[in-house]
file coords_1.txt (compact mmCIF, C-alpha atoms and all ligand atoms)
# COMPACT_ATOMS: atom_id res chain seq x y z
CA MET A 634 22.06 30.39 3.37
CA ILE A 635 19.23 29.99 0.85
CA THR A 636 18.87 26.81 -1.24
CA VAL A 637 16.26 26.52 -3.98
CA PHE A 638 15.05 23.25 -5.53
CA ARG A 639 13.96 24.44 -8.98
CA GLY A 640 11.48 23.17 -11.53
CA GLY A 641 10.38 19.93 -9.88
CA TRP A 642 7.02 18.26 -9.50
CA VAL A 643 6.36 19.34 -5.94
CA VAL A 644 4.31 16.86 -3.91
CA THR A 645 3.58 19.02 -0.88
CA GLN A 646 1.55 16.70 1.39
CA ASN A 647 -0.01 19.93 2.70
CA PRO A 648 -3.64 19.80 3.92
CA GLY A 649 -4.89 20.20 0.31
CA ARG A 650 -2.37 17.55 -0.89
CA ASP A 651 -1.34 20.01 -3.63
CA VAL A 652 0.93 18.81 -6.42
CA PHE A 653 2.36 21.40 -8.83
CA ARG A 654 5.35 22.25 -11.00
CA GLY A 655 7.52 24.78 -9.18
CA ASP A 656 10.18 25.58 -6.61
CA VAL A 657 10.88 24.93 -2.95
CA ALA A 658 13.15 27.39 -1.15
CA VAL A 659 14.99 26.68 2.08
CA GLU A 660 16.67 29.16 4.42
CA ASP A 661 19.04 27.49 6.87
CA GLU A 662 16.98 24.75 8.57
CA LYS A 663 13.51 25.64 7.33
CA ILE A 664 11.33 25.84 4.26
CA ILE A 665 10.50 29.46 3.39
CA TYR A 666 8.67 28.96 0.09
CA SER A 667 6.78 26.29 -1.82
CA GLY A 668 5.02 27.37 -5.01
CA PRO A 669 5.55 28.43 -8.62
CA LYS A 670 8.80 30.10 -9.58
CA TYR A 671 10.78 31.46 -6.59
CA GLU A 672 11.78 35.03 -7.48
CA GLY A 673 14.20 35.69 -4.62
CA SER A 674 17.95 35.22 -4.75
CA ALA A 675 19.62 31.95 -3.79
CA ASP A 676 23.02 30.91 -2.53
CA ARG A 677 22.60 27.45 -3.98
CA ASP A 678 20.37 26.20 -6.80
CA ILE A 679 19.46 22.55 -7.13
CA ASN A 680 18.15 21.69 -10.56
CA ALA A 681 15.09 19.46 -10.01
CA GLU A 682 13.66 19.99 -13.51
CA GLY A 683 11.18 17.18 -14.10
CA ASP A 684 12.11 15.43 -10.84
CA VAL A 685 9.77 14.70 -7.92
CA VAL A 686 10.32 16.90 -4.86
CA MET A 687 8.58 15.58 -1.76
CA PRO A 688 8.86 15.40 2.04
CA GLY A 689 11.36 12.96 3.52
CA MET A 690 9.90 9.67 4.69
CA VAL A 691 9.18 9.02 8.38
CA ASN A 692 9.89 5.43 9.43
CA THR A 693 8.06 4.96 12.74
CA HIS A 694 9.47 1.63 13.88
CA THR A 695 12.90 0.18 13.47
CA HIS A 696 15.91 -1.18 15.35
CA VAL A 697 18.55 0.55 13.28
CA ALA A 698 21.60 -0.96 14.98
CA MET A 699 20.52 -4.43 13.83
CA SER A 700 21.28 -3.43 10.23
CA VAL A 701 24.66 -5.05 10.59
CA MET A 702 22.99 -8.45 11.18
CA LYS A 703 21.14 -8.43 7.86
CA GLY A 704 20.70 -11.83 6.27
CA SER A 705 21.78 -13.80 9.35
CA LEU A 706 18.35 -14.86 10.65
CA ASP A 707 16.35 -15.60 7.52
CA ASP A 708 13.81 -18.35 6.94
CA LEU A 709 13.55 -19.47 10.57
CA LEU A 710 10.47 -20.44 12.54
CA PHE A 711 9.51 -17.60 14.88
CA PRO A 712 10.75 -19.20 18.17
CA ASP A 713 14.05 -20.14 16.47
CA PHE A 714 14.36 -16.62 15.12
CA LEU A 715 13.85 -15.14 18.61
CA ASN A 716 16.40 -17.47 20.21
CA ALA A 717 19.08 -16.78 17.62
CA SER A 718 18.36 -13.06 17.73
CA PHE A 719 18.73 -12.85 21.53
CA LYS A 720 21.99 -14.80 21.40
CA ILE A 721 23.57 -12.46 18.85
CA ASP A 722 22.23 -9.39 20.65
CA ALA A 723 23.79 -10.42 23.96
CA ASP A 724 27.27 -10.41 22.37
CA ARG A 725 27.13 -6.96 20.86
CA THR A 726 29.74 -4.33 21.64
CA ASP A 727 29.40 -0.56 21.40
CA ARG A 728 31.37 -0.62 18.17
CA ASP A 729 28.95 -3.14 16.63
CA ILE A 730 26.05 -0.86 17.52
CA ASP A 731 27.86 2.17 16.11
CA ILE A 732 28.62 0.46 12.78
CA GLY A 733 25.12 -1.03 12.57
CA THR A 734 23.54 2.36 13.14
CA LYS A 735 25.72 4.09 10.59
CA LEU A 736 24.98 1.41 7.99
CA GLY A 737 21.22 1.66 8.70
CA CYS A 738 21.34 5.46 8.51
CA MET A 739 23.16 5.23 5.17
CA GLU A 740 20.45 2.92 3.86
CA MET A 741 17.71 5.26 5.07
CA ILE A 742 19.34 8.40 3.68
CA ARG A 743 19.94 6.63 0.36
CA SER A 744 16.26 5.65 0.16
CA GLY A 745 14.77 8.97 1.26
CA THR A 746 14.03 8.56 4.96
CA THR A 747 14.81 11.66 7.02
CA THR A 748 13.27 10.66 10.36
CA PHE A 749 13.23 7.27 12.05
CA MET A 750 11.76 6.09 15.33
CA ASP A 751 14.02 3.55 16.99
CA LEU A 752 13.41 1.08 19.80
CA TYR A 753 16.57 -0.31 21.40
CA TYR A 754 18.95 -0.09 24.30
CA SER A 755 22.27 1.86 24.06
CA GLU A 756 20.43 4.71 22.34
CA ASP A 757 23.28 7.01 23.43
CA ILE A 758 25.58 5.28 20.92
CA ILE A 759 22.82 5.32 18.32
CA ALA A 760 22.24 9.05 18.91
CA LYS A 761 25.89 9.84 18.27
CA ALA A 762 26.03 7.78 15.07
CA ALA A 763 22.72 9.16 13.76
CA GLN A 764 23.89 12.69 14.43
CA GLN A 765 27.06 12.06 12.44
CA ALA A 766 24.94 10.65 9.61
CA GLY A 767 22.76 13.78 9.73
CA ILE A 768 19.38 12.04 9.96
CA ARG A 769 16.72 12.68 12.62
CA GLY A 770 16.38 9.95 15.20
CA VAL A 771 13.40 9.65 17.53
CA LEU A 772 15.24 7.31 19.86
CA CYS A 773 13.15 5.35 22.34
CA TRP A 774 15.27 3.64 24.98
CA CYS A 775 13.88 0.18 25.54
CA VAL A 776 12.29 -0.34 28.96
CA LEU A 777 11.45 -3.80 30.29
CA ASP A 778 11.42 -5.60 33.63
CA GLU A 779 14.80 -5.43 35.33
CA ASP A 780 14.97 -9.22 35.78
CA LYS A 781 14.41 -9.82 32.06
CA THR A 782 17.08 -7.60 30.53
CA THR A 783 20.76 -7.71 29.62
CA GLN A 784 21.00 -3.95 30.26
CA SER A 785 23.10 -3.07 33.27
CA GLY A 786 21.07 -1.24 35.89
CA ASN A 787 17.39 -0.44 35.80
CA PRO A 788 16.08 0.04 32.23
CA LEU A 789 13.61 2.79 33.20
CA LYS A 790 16.35 4.74 34.95
CA ASN A 791 18.66 4.20 31.96
CA CYS A 792 15.89 5.55 29.72
CA ALA A 793 15.28 8.60 31.92
CA ARG A 794 19.01 9.37 32.03
CA PHE A 795 19.29 9.11 28.24
CA CYS A 796 16.24 11.33 27.69
CA ASN A 797 17.51 13.96 30.08
CA LEU A 798 20.91 14.01 28.40
CA HIS A 799 19.54 14.43 24.87
CA LYS A 800 16.76 16.96 25.45
CA ASN A 801 18.52 19.57 23.35
CA THR A 802 20.56 17.50 20.92
CA ARG A 803 20.06 18.66 17.34
CA LYS A 804 18.03 16.22 15.21
CA ILE A 805 17.69 13.84 18.15
CA VAL A 806 14.33 13.40 19.88
CA PRO A 807 14.72 11.16 22.92
CA GLY A 808 11.82 8.91 23.81
CA VAL A 809 10.60 6.00 25.89
CA GLY A 810 10.45 2.45 24.58
CA LEU A 811 8.51 -0.53 25.89
CA GLN A 812 9.57 -3.94 24.62
CA GLY A 813 6.11 -5.48 24.96
CA VAL A 814 3.68 -6.93 27.49
CA TYR A 815 5.53 -10.28 27.47
CA VAL A 816 8.51 -8.72 29.34
CA CYS A 817 6.89 -5.62 30.86
CA ASN A 818 4.77 -5.97 33.99
CA GLU A 819 2.22 -3.44 35.20
CA ASP A 820 4.75 -1.35 37.18
CA THR A 821 7.16 -1.23 34.23
CA CYS A 822 4.42 -0.11 31.83
CA LEU A 823 3.12 2.53 34.22
CA GLY A 824 6.63 3.80 34.98
CA ALA A 825 7.35 4.20 31.27
CA LYS A 826 4.05 6.02 30.66
CA GLU A 827 4.63 8.29 33.64
CA LEU A 828 8.07 9.27 32.29
CA SER A 829 6.62 9.93 28.83
CA ASP A 830 3.84 12.11 30.29
CA ARG A 831 6.06 14.00 32.72
CA GLU A 832 8.73 14.87 30.15
CA LYS A 833 6.38 14.97 27.13
CA LEU A 834 8.38 12.28 25.34
CA PRO A 835 7.26 10.08 22.45
CA MET A 836 6.80 6.43 23.28
CA ASN A 837 7.24 3.41 21.02
CA PHE A 838 6.21 -0.13 21.92
CA HIS A 839 5.50 -3.51 20.37
CA LEU A 840 1.84 -4.49 20.46
CA SER A 841 0.18 -7.75 19.47
CA GLU A 842 2.72 -8.84 16.89
CA THR A 843 1.95 -12.54 17.27
CA ARG A 844 -1.04 -14.65 18.19
CA GLY A 845 1.05 -16.47 20.82
CA GLU A 846 1.78 -13.21 22.62
CA VAL A 847 -1.93 -12.38 22.76
CA ASN A 848 -2.89 -15.85 24.01
CA GLU A 849 -0.18 -15.88 26.70
CA HIS A 850 -1.28 -12.50 27.98
CA ARG A 851 -4.91 -13.57 28.07
CA LYS A 852 -3.94 -16.63 30.06
CA SER A 853 -2.02 -14.64 32.66
CA THR A 854 -4.22 -11.53 32.97
CA GLY A 855 -7.58 -12.48 31.46
CA LYS A 856 -7.24 -9.60 29.02
CA ARG A 857 -5.88 -9.08 25.53
CA PRO A 858 -2.76 -6.85 25.43
CA GLY A 859 -4.62 -3.90 23.86
CA GLU A 860 -7.42 -4.05 26.45
CA TRP A 861 -4.93 -4.46 29.30
CA LEU A 862 -2.74 -1.51 28.22
CA ALA A 863 -5.80 0.68 27.58
CA GLY A 864 -7.13 -0.24 31.03
CA LEU A 865 -3.82 0.77 32.65
CA GLY A 866 -3.91 4.09 30.80
CA VAL A 867 -0.72 3.36 28.86
CA PHE A 868 -2.20 4.36 25.48
CA GLY A 869 -2.13 8.07 24.70
CA PRO A 870 -1.38 10.56 21.92
CA ARG A 871 2.40 10.25 22.44
CA GLY A 872 2.30 6.47 21.95
CA VAL A 873 3.14 4.56 18.78
CA ALA A 874 2.07 0.91 18.76
CA ALA A 875 4.26 -1.11 16.41
CA HIS A 876 2.82 -4.12 14.51
CA SER A 877 -0.70 -4.12 16.01
CA ALA A 878 -1.53 -7.11 13.86
CA TRP A 879 -3.68 -9.25 16.18
CA LEU A 880 -6.40 -6.93 17.46
CA THR A 881 -10.12 -7.09 18.02
CA ILE A 882 -12.45 -4.34 16.93
CA ASN A 883 -12.84 -3.43 20.61
CA GLU A 884 -9.09 -2.88 20.93
CA VAL A 885 -9.12 -0.73 17.79
CA ARG A 886 -11.93 1.34 19.35
CA LEU A 887 -9.94 1.79 22.57
CA MET A 888 -6.89 2.84 20.58
CA GLY A 889 -8.92 5.38 18.61
CA GLN A 890 -10.34 6.88 21.81
CA SER A 891 -6.88 7.20 23.37
CA GLY A 892 -5.21 8.97 20.43
CA VAL A 893 -2.41 6.39 20.15
CA SER A 894 -0.82 5.96 16.70
CA VAL A 895 -0.03 2.70 14.95
CA SER A 896 3.16 1.77 13.12
CA THR A 897 2.26 -1.09 10.84
CA CYS A 898 5.19 -3.28 9.74
CA PRO A 899 3.86 -5.44 6.89
CA ALA A 900 7.12 -6.86 5.48
CA SER A 901 8.33 -7.96 8.91
CA ASN A 902 5.00 -9.61 9.75
CA MET A 903 4.92 -11.48 6.45
CA LYS A 904 8.57 -12.56 6.55
CA LEU A 905 8.19 -13.98 10.06
CA ALA A 906 4.86 -15.50 9.04
CA THR A 907 3.19 -14.32 12.23
CA GLY A 908 -0.11 -14.42 10.43
CA GLY A 909 -1.90 -11.29 11.61
CA VAL A 910 -2.69 -8.36 9.35
CA ALA A 911 -2.98 -4.90 10.89
CA PRO A 912 -6.63 -3.82 10.45
CA VAL A 913 -5.83 -0.61 8.57
CA PRO A 914 -9.39 0.11 7.29
CA GLU A 915 -10.71 -0.22 10.86
CA PHE A 916 -7.91 2.00 12.20
CA ARG A 917 -8.97 4.61 9.65
CA SER A 918 -12.64 4.46 10.52
CA GLY A 919 -11.84 4.27 14.25
CA GLY A 920 -9.74 7.45 14.17
CA VAL A 921 -6.35 5.77 14.76
CA ASN A 922 -3.43 7.56 13.11
CA VAL A 923 -1.70 5.03 10.82
CA SER A 924 2.02 5.23 10.02
CA ILE A 925 4.55 2.76 8.62
CA GLY A 926 7.61 1.07 10.13
CA THR A 927 10.11 -1.19 8.43
CA ASP A 928 11.04 -2.93 11.69
CA GLY A 929 14.68 -4.00 11.96
CA ASN A 930 16.93 -5.31 9.25
CA THR A 931 16.83 -8.89 10.57
CA THR A 932 13.11 -9.21 9.94
CA ASN A 933 12.56 -7.17 6.77
CA ASN A 934 15.53 -7.07 5.51
CA SER A 935 15.28 -3.57 4.15
CA LEU A 936 14.73 -0.07 5.51
CA ASP A 937 13.31 1.22 2.21
CA MET A 938 10.07 3.05 2.96
CA PHE A 939 9.06 3.13 -0.72
CA SER A 940 9.08 -0.64 -0.82
CA GLU A 941 7.28 -0.78 2.55
CA MET A 942 4.53 1.55 1.31
CA LYS A 943 3.83 -0.68 -1.67
CA ILE A 944 3.97 -3.89 0.38
CA LEU A 945 1.48 -2.41 2.84
CA GLY A 946 -0.90 -1.45 0.06
CA LEU A 947 -0.68 -4.89 -1.54
CA LEU A 948 -1.13 -6.75 1.75
CA GLN A 949 -4.20 -4.73 2.71
CA LYS A 950 -5.81 -5.14 -0.70
CA ALA A 951 -5.01 -8.83 -0.99
CA SER A 952 -6.15 -9.74 2.51
CA ARG A 953 -9.45 -7.83 2.14
CA TRP A 954 -10.20 -8.84 -1.44
CA ASP A 955 -10.76 -5.12 -1.92
CA ALA A 956 -8.55 -3.04 -4.23
CA THR A 957 -10.04 0.19 -2.88
CA VAL A 958 -8.49 -0.07 0.60
CA ALA A 959 -5.11 1.59 1.33
CA LYS A 960 -5.17 3.89 -1.70
CA ALA A 961 -1.99 5.44 -3.14
CA GLN A 962 -2.55 8.85 -1.53
CA GLU A 963 -3.25 7.21 1.84
CA LEU A 964 -0.05 5.16 1.61
CA ILE A 965 2.01 8.31 0.98
CA ASP A 966 0.19 9.99 3.90
CA PHE A 967 1.07 7.07 6.19
CA ALA A 968 4.76 7.37 5.22
CA THR A 969 5.00 11.16 5.58
CA ILE A 970 2.51 13.39 7.40
CA ASN A 971 0.98 10.61 9.53
CA GLY A 972 4.46 9.47 10.53
CA ALA A 973 5.20 13.04 11.57
CA LYS A 974 2.06 13.05 13.71
CA ALA A 975 2.97 9.70 15.26
CA VAL A 976 6.34 10.99 16.48
CA GLY A 977 4.75 14.21 17.76
CA MET A 978 6.19 16.47 15.06
CA SER A 979 3.30 17.18 12.67
CA ASP A 980 3.87 20.93 13.10
CA LYS A 981 7.55 20.57 12.17
CA ILE A 982 7.95 17.85 9.50
CA GLY A 983 5.93 15.61 7.15
CA SER A 984 5.00 18.15 4.46
CA LEU A 985 6.61 20.83 2.31
CA GLU A 986 5.13 23.96 3.88
CA PRO A 987 6.83 27.22 4.86
CA GLY A 988 7.87 27.22 8.50
CA LYS A 989 8.56 23.49 8.65
CA TYR A 990 12.01 21.92 8.81
CA ALA A 991 13.52 21.34 5.38
CA ASP A 992 13.23 17.55 5.25
CA ILE A 993 13.16 17.19 1.48
CA ILE A 994 13.91 14.38 -0.96
CA VAL A 995 14.22 14.50 -4.74
CA LEU A 996 13.37 11.49 -6.90
CA ASP A 997 14.88 11.14 -10.37
CA GLY A 998 12.17 12.06 -12.86
CA LYS A 999 14.20 10.55 -15.70
CA ALA A 1000 14.13 7.03 -14.25
CA PRO A 1001 12.11 4.79 -16.61
CA ASN A 1002 10.22 3.18 -13.70
CA MET A 1003 8.82 6.65 -12.87
CA ARG A 1004 7.61 7.42 -16.43
CA PRO A 1005 5.24 8.44 -17.88
CA LEU A 1006 5.11 11.11 -15.16
CA LEU A 1007 2.18 13.52 -15.19
CA PRO A 1008 0.25 15.40 -12.50
CA GLU A 1009 -2.49 12.80 -12.87
CA ASN A 1010 -0.35 9.73 -12.13
CA ILE A 1011 2.38 11.12 -9.89
CA ILE A 1012 0.79 9.89 -6.64
CA GLY A 1013 0.29 6.39 -8.04
CA ASN A 1014 3.86 6.35 -9.37
CA ILE A 1015 5.29 7.29 -5.98
CA ALA A 1016 3.23 4.66 -4.13
CA TYR A 1017 3.48 1.76 -6.57
CA SER A 1018 6.38 2.33 -9.01
CA ALA A 1019 9.08 4.21 -7.13
CA SER A 1020 12.04 2.59 -5.43
CA GLY A 1021 14.20 4.06 -2.71
CA LEU A 1022 17.04 3.97 -5.21
CA ASN A 1023 15.23 6.64 -7.26
CA VAL A 1024 16.17 9.15 -4.55
CA LYS A 1025 18.88 11.54 -5.82
CA HIS A 1026 19.08 14.10 -3.05
CA THR A 1027 18.20 13.92 0.65
CA MET A 1028 18.00 16.99 2.87
CA CYS A 1029 17.35 16.76 6.60
CA GLN A 1030 16.71 19.92 8.58
CA GLY A 1031 18.37 22.02 5.88
CA ASP A 1032 21.47 19.83 5.60
CA LEU A 1033 21.99 18.23 2.20
CA VAL A 1034 23.15 14.87 3.56
CA MET A 1035 23.05 13.19 0.14
CA GLU A 1036 23.64 14.87 -3.22
CA ASN A 1037 23.40 12.95 -6.49
CA ALA A 1038 23.19 9.69 -4.52
CA VAL A 1039 26.46 10.40 -2.68
CA ILE A 1040 26.23 10.55 1.11
CA GLY A 1041 28.55 13.28 2.31
CA THR A 1042 28.25 12.96 6.06
CA LEU A 1043 30.01 9.67 6.78
CA ASP A 1044 33.08 7.77 5.63
CA THR A 1045 30.81 5.38 3.79
CA ASP A 1046 33.56 3.06 2.47
CA ALA A 1047 34.82 2.50 6.00
CA VAL A 1048 31.32 1.75 7.32
CA LEU A 1049 30.66 -0.73 4.51
CA ALA A 1050 33.97 -2.53 5.06
CA GLU A 1051 33.55 -2.68 8.82
CA SER A 1052 29.99 -3.95 8.49
CA GLU A 1053 31.26 -7.25 7.09
CA GLN A 1054 33.80 -7.62 9.88
CA VAL A 1055 31.05 -7.15 12.45
CA TRP A 1056 28.69 -9.54 10.65
CA ARG A 1057 31.36 -12.27 10.60
CA LYS A 1058 32.12 -11.76 14.28
CA LEU A 1059 28.50 -11.76 15.43
CA CYS A 1060 26.74 -14.06 13.03
CA LEU A 1061 29.26 -16.78 12.10
CA ARG A 1062 29.40 -19.17 14.98
ZN ZN B 1 10.32 -4.16 16.46
call {"tool": "encode", "arguments": {"input": "coords_1.txt", "output": "structure tokens"}}
result
Amino acid sequence: MITVFRGGWVVTQNPGRDVFRGDVAVEDEKIIYSGPKYEGSADRDINAEGDVVMPGMVNTHTHVAMSVMKGSLDDLLFPDFLNASFKIDADRTDRDIDIGTKLGCMEMIRSGTTTFMDLYYSEDIIAKAAQQAGIRGVLCWCVLDEDKTTQSGNPLKNCARFCNLHKNTRKIVPGVGLQGVYVCNEDTCLGAKELSDREKLPMNFHLSETRGEVNEHRKSTGKRPGEWLAGLGVFGPRGVAAHSAWLTINEVRLMGQSGVSVSTCPASNMKLATGGVAPVPEFRSGGVNVSIGTDGNTTNNSLDMFSEMKILGLLQKASRWDATVAKAQELIDFATINGAKAVGMSDKIGSLEPGKYADIIVLDGKAPNMRPLLPENIIGNIAYSASGLNVKHTMCQGDLVMENAVIGTLDTDAVLAESEQVWRKLCLR
């Protein structure tokens, strides 16, 4: 089956960051052509005349199942937020997680995300729902100390079992999660890293989200979380450190040396008023791969990577008094090719190049917020003017999961209706 996206502005995100007017051809799961007019035959033509054709977004930190709790924990002080969040979480059933995941996947597909990295328990339920939605999930089962969890059994063993079961599941990449140093002792951290190394699994963890977390850890170990984890050997090229907002330059240096990636979550950090700003310019100069995460829908409250890209750019510029940091092209890199690298898939996704999976989104070139649209301003328009709602079509691994803004993989009306039932049950008390 050959599908051709015809006549669009193709934003390749290839090593030359080429942008041109032309076609992208897909055979089954993969891209076979990206260039001027495709001369071969096609089974399906998608008219992208004047539209923007670009790689699907890679969201490197979220808790997708929490989408169904949106708007229930707003405007709270951080300790109150945590308390309320844990209480709701403890009451969740498998069905709640299923509906939350489907709703979150619908939001991501609608706004052009084709891969998300998730950190949660019950990733087996999330895997099933994500597969039905047709989006790629890099699903990191949350590991923490056994005496600090509501999971039944040992979290590391649960994680290993999940990873083993989903090794060969299409569009699912199993991974290891670490909740954070505040609930993960040395043995837990080392066990998680050992599993990730042994099975070559991606690893997602919270790092230095709040100042309190850093101070507590210093009190108990004498070291900052980044220094402590680096000293244990937990950082490595398969790791993705979410938030990373309260770091010293020494911790940034250690992260750069280890090859760990960062998932910066600017909207979540600002909404919770945790104060820290991820040192993106220092990450760049220190050789740390920077990607973007939305975090969950209770702290953002959106999974729209276009909005997150812009918020990140604005936060970096405003906090540095320097409009030249976090440039438009860099922001798009963070959300696409760098995200692919973070989840260990830079040879498979993140750019429109032959041989890669067909993870392709099309943005409406007729939308007024995207015009004027010329080769010279297209990158700026994507970073600063676009909205997730400009996305018309979303393709993940060759499957057209959304066409003309209609998601074809799920019974979307049923998910929407059930989401309110679940919200009422969990959040009204
Ligand atoms: Zn998180």
call {"tool": "residues_near_ligand", "arguments": {"input": "coords_1.txt", "ligand": "ligand ZN 1 (chain B)", "cutoff": "7 Å", "atoms": "only C-alpha atoms and all ligand atoms", "output": "list of chain:residue names"}}
result
A:His694, A:Thr695, A:His696, A:Leu752, A:His839, A:Ala875, A:Asp928, A:Gly929
call {"tool": "residues_around", "arguments": {"input": "coords_1.txt", "residues": "A:Asn797", "least_positions_apart": "4", "cutoff": "9 Å", "atoms": "all atoms listed in the file", "output": "VMD selection string"}}
result
chain A and resid 792 to 793 801 807 832
call {"tool": "write_last_selection", "arguments": {"input": "coords_1.txt", "atoms": "C-alpha atoms", "output": "short mmCIF file (atom, residue, chain, number, x, y, z; two decimals), in the coordinates of the input"}}
result
data_model
loop_
_atom_site.label_atom_id
_atom_site.label_comp_id
_atom_site.auth_asym_id
_atom_site.auth_seq_id
_atom_site.Cartn_x
_atom_site.Cartn_y
_atom_site.Cartn_z
CA CYS A 792 15.89 5.55 29.72
CA ALA A 793 15.28 8.60 31.92
CA ASN A 801 18.52 19.57 23.35
CA PRO A 807 14.72 11.16 22.92
CA GLU A 832 8.73 14.87 30.15
#
call {"tool": "atom_distance", "arguments": {"input": "coords_1.txt", "atom1": "atom CA of A:Leu865", "atom2": "atom CA of A:Leu834"}}
result
18.3 Å
call {"tool": "axis_aligned_box", "arguments": {"input": "coords_1.txt", "around": "stretch 971-977 of chain A", "padding_each_side": "5 Å", "output": "lines of an AutoDock Vina configuration file"}}
result
center_x = 3.7
center_y = 11.8
center_z = 13.6
size_x = 15.4
size_y = 14.7
size_z = 18.2
call {"tool": "atom_distance", "arguments": {"input": "coords_1.txt", "atom1": "atom CA of A:Asn930", "atom2": "atom CA of A:Thr821"}}
result
27.1 Å
call {"tool": "atom_distance", "arguments": {"input": "coords_1.txt", "atom1": "atom CA of A:Pro914", "atom2": "atom CA of A:Gly972"}}
result
17.0 Å
call {"tool": "residues_around", "arguments": {"input": "coords_1.txt", "residues": "A:Val895", "least_positions_apart": "4", "cutoff": "6 Å", "atoms": "all atoms listed in the file", "output": "list in words"}}
result
Val873, Ala874, Ala875, Val923 and Ser924 of chain A
call {"tool": "residues_around", "arguments": {"input": "coords_1.txt", "residues": "A:Leu948", "least_positions_apart": "2", "cutoff": "12 Å", "atoms": "only C-alpha atoms", "output": "PyMOL selection string"}}
result
chain A and resi 897-903+908-913+941-946+950-956+958-960+964
call {"tool": "closest_residue", "arguments": {"input": "coords_1.txt", "among": "A:Arg728, A:Arg871, A:Lys800, A:Lys1058", "to": "A:Pro835", "atoms": "all atoms listed in the file"}}
result
A:Arg871
call {"tool": "residues_around", "arguments": {"input": "coords_1.txt", "residues": "A:Ile970", "least_positions_apart": "3", "cutoff": "12 Å", "atoms": "all atoms listed in the file", "output": "CSV table (one decimal) with C-alpha atoms, in the coordinates of the input"}}
result
chain,number,residue,atom,x,y,z
A,644,VAL,CA,4.3,16.9,-3.9
A,645,THR,CA,3.6,19.0,-0.9
A,646,GLN,CA,1.6,16.7,1.4
A,647,ASN,CA,0.0,19.9,2.7
A,648,PRO,CA,-3.6,19.8,3.9
A,650,ARG,CA,-2.4,17.6,-0.9
A,687,MET,CA,8.6,15.6,-1.8
A,688,PRO,CA,8.9,15.4,2.0
A,689,GLY,CA,11.4,13.0,3.5
A,690,MET,CA,9.9,9.7,4.7
A,691,VAL,CA,9.2,9.0,8.4
A,692,ASN,CA,9.9,5.4,9.4
A,693,THR,CA,8.1,5.0,12.7
A,748,THR,CA,13.3,10.7,10.4
A,922,ASN,CA,-3.4,7.6,13.1
A,923,VAL,CA,-1.7,5.0,10.8
A,924,SER,CA,2.0,5.2,10.0
A,925,ILE,CA,4.6,2.8,8.6
A,962,GLN,CA,-2.6,8.8,-1.5
A,963,GLU,CA,-3.2,7.2,1.8
A,964,LEU,CA,0.0,5.2,1.6
A,965,ILE,CA,2.0,8.3,1.0
A,966,ASP,CA,0.2,10.0,3.9
A,967,PHE,CA,1.1,7.1,6.2
A,973,ALA,CA,5.2,13.0,11.6
A,974,LYS,CA,2.1,13.0,13.7
A,975,ALA,CA,3.0,9.7,15.3
A,976,VAL,CA,6.3,11.0,16.5
A,977,GLY,CA,4.8,14.2,17.8
A,978,MET,CA,6.2,16.5,15.1
A,979,SER,CA,3.3,17.2,12.7
A,980,ASP,CA,3.9,20.9,13.1
A,981,LYS,CA,7.6,20.6,12.2
A,982,ILE,CA,8.0,17.8,9.5
A,983,GLY,CA,5.9,15.6,7.2
A,984,SER,CA,5.0,18.2,4.5
A,985,LEU,CA,6.6,20.8,2.3
A,986,GLU,CA,5.1,24.0,3.9
A,989,LYS,CA,8.6,23.5,8.6
A,992,ASP,CA,13.2,17.6,5.2
call {"tool": "closest_residue", "arguments": {"input": "coords_1.txt", "among": "A:Leu1043, A:Cys1029, A:Leu823, A:Ile994", "to": "A:Ala762", "atoms": "all atoms listed in the file"}}
result
A:Leu1043
call {"tool": "residues_near_point", "arguments": {"input": "coords_1.txt", "point": "(13.3, 0.8, 25.6)", "cutoff": "6 Å", "atoms": "all atoms listed in the file", "output": "list in words"}}
result
Leu752, Tyr753, Tyr754, Cys773, Trp774, Cys775, Val776, Val809, Gly810 and Leu811 of chain A
call {"tool": "closest_residue", "arguments": {"input": "coords_1.txt", "among": "A:Val657, A:Ile993, A:Val867, A:Leu772", "to": "A:Met1028", "atoms": "all atoms listed in the file"}}
result
A:Ile993
call {"tool": "residues_around", "arguments": {"input": "coords_1.txt", "residues": "A:Arg639", "least_positions_apart": "4", "cutoff": "9 Å", "atoms": "all atoms listed in the file", "output": "list in words"}}
result
Gly655, Asp656, Val657, Ala658, Lys670, Tyr671, Asp678, Ile679, Asn680, Ala681 and Glu682 of chain A
call {"tool": "closest_residue", "arguments": {"input": "coords_1.txt", "among": "A:Val814, A:Gly869, A:Ala878, A:His799", "to": "A:His850", "atoms": "all atoms listed in the file"}}
result
A:Val814
call {"tool": "closest_residue", "arguments": {"input": "coords_1.txt", "among": "A:Ile758, A:Leu1033, A:Val771, A:Leu862", "to": "A:Ser841", "atoms": "all atoms listed in the file"}}
result
A:Leu862
call {"tool": "closest_residue", "arguments": {"input": "coords_1.txt", "among": "A:Thr927, A:Ser700, A:Ser877, A:Thr854", "to": "A:Tyr815", "atoms": "all atoms listed in the file"}}
result
A:Thr854
call {"tool": "closest_atom_pairs", "arguments": {"input": "coords_1.txt", "of": "stretch 792-833 of chain A", "to": "stretch 778-783 of chain A", "cutoff": "7 Å", "atoms": "only C-alpha atoms", "output": "CSV"}}
result
residue,atom,partner,partner_atom,distance
A:Val816,CA,A:Asp778,CA,6.1
A:Cys817,CA,A:Asp778,CA,5.3
A:Asn818,CA,A:Asp778,CA,6.7
A:Thr821,CA,A:Asp778,CA,6.1
call {"tool": "residues_near_point", "arguments": {"input": "coords_1.txt", "point": "(23.7, 3.9, 16.3)", "cutoff": "8 Å", "atoms": "only C-alpha atoms", "output": "count of residues only"}}
result
16
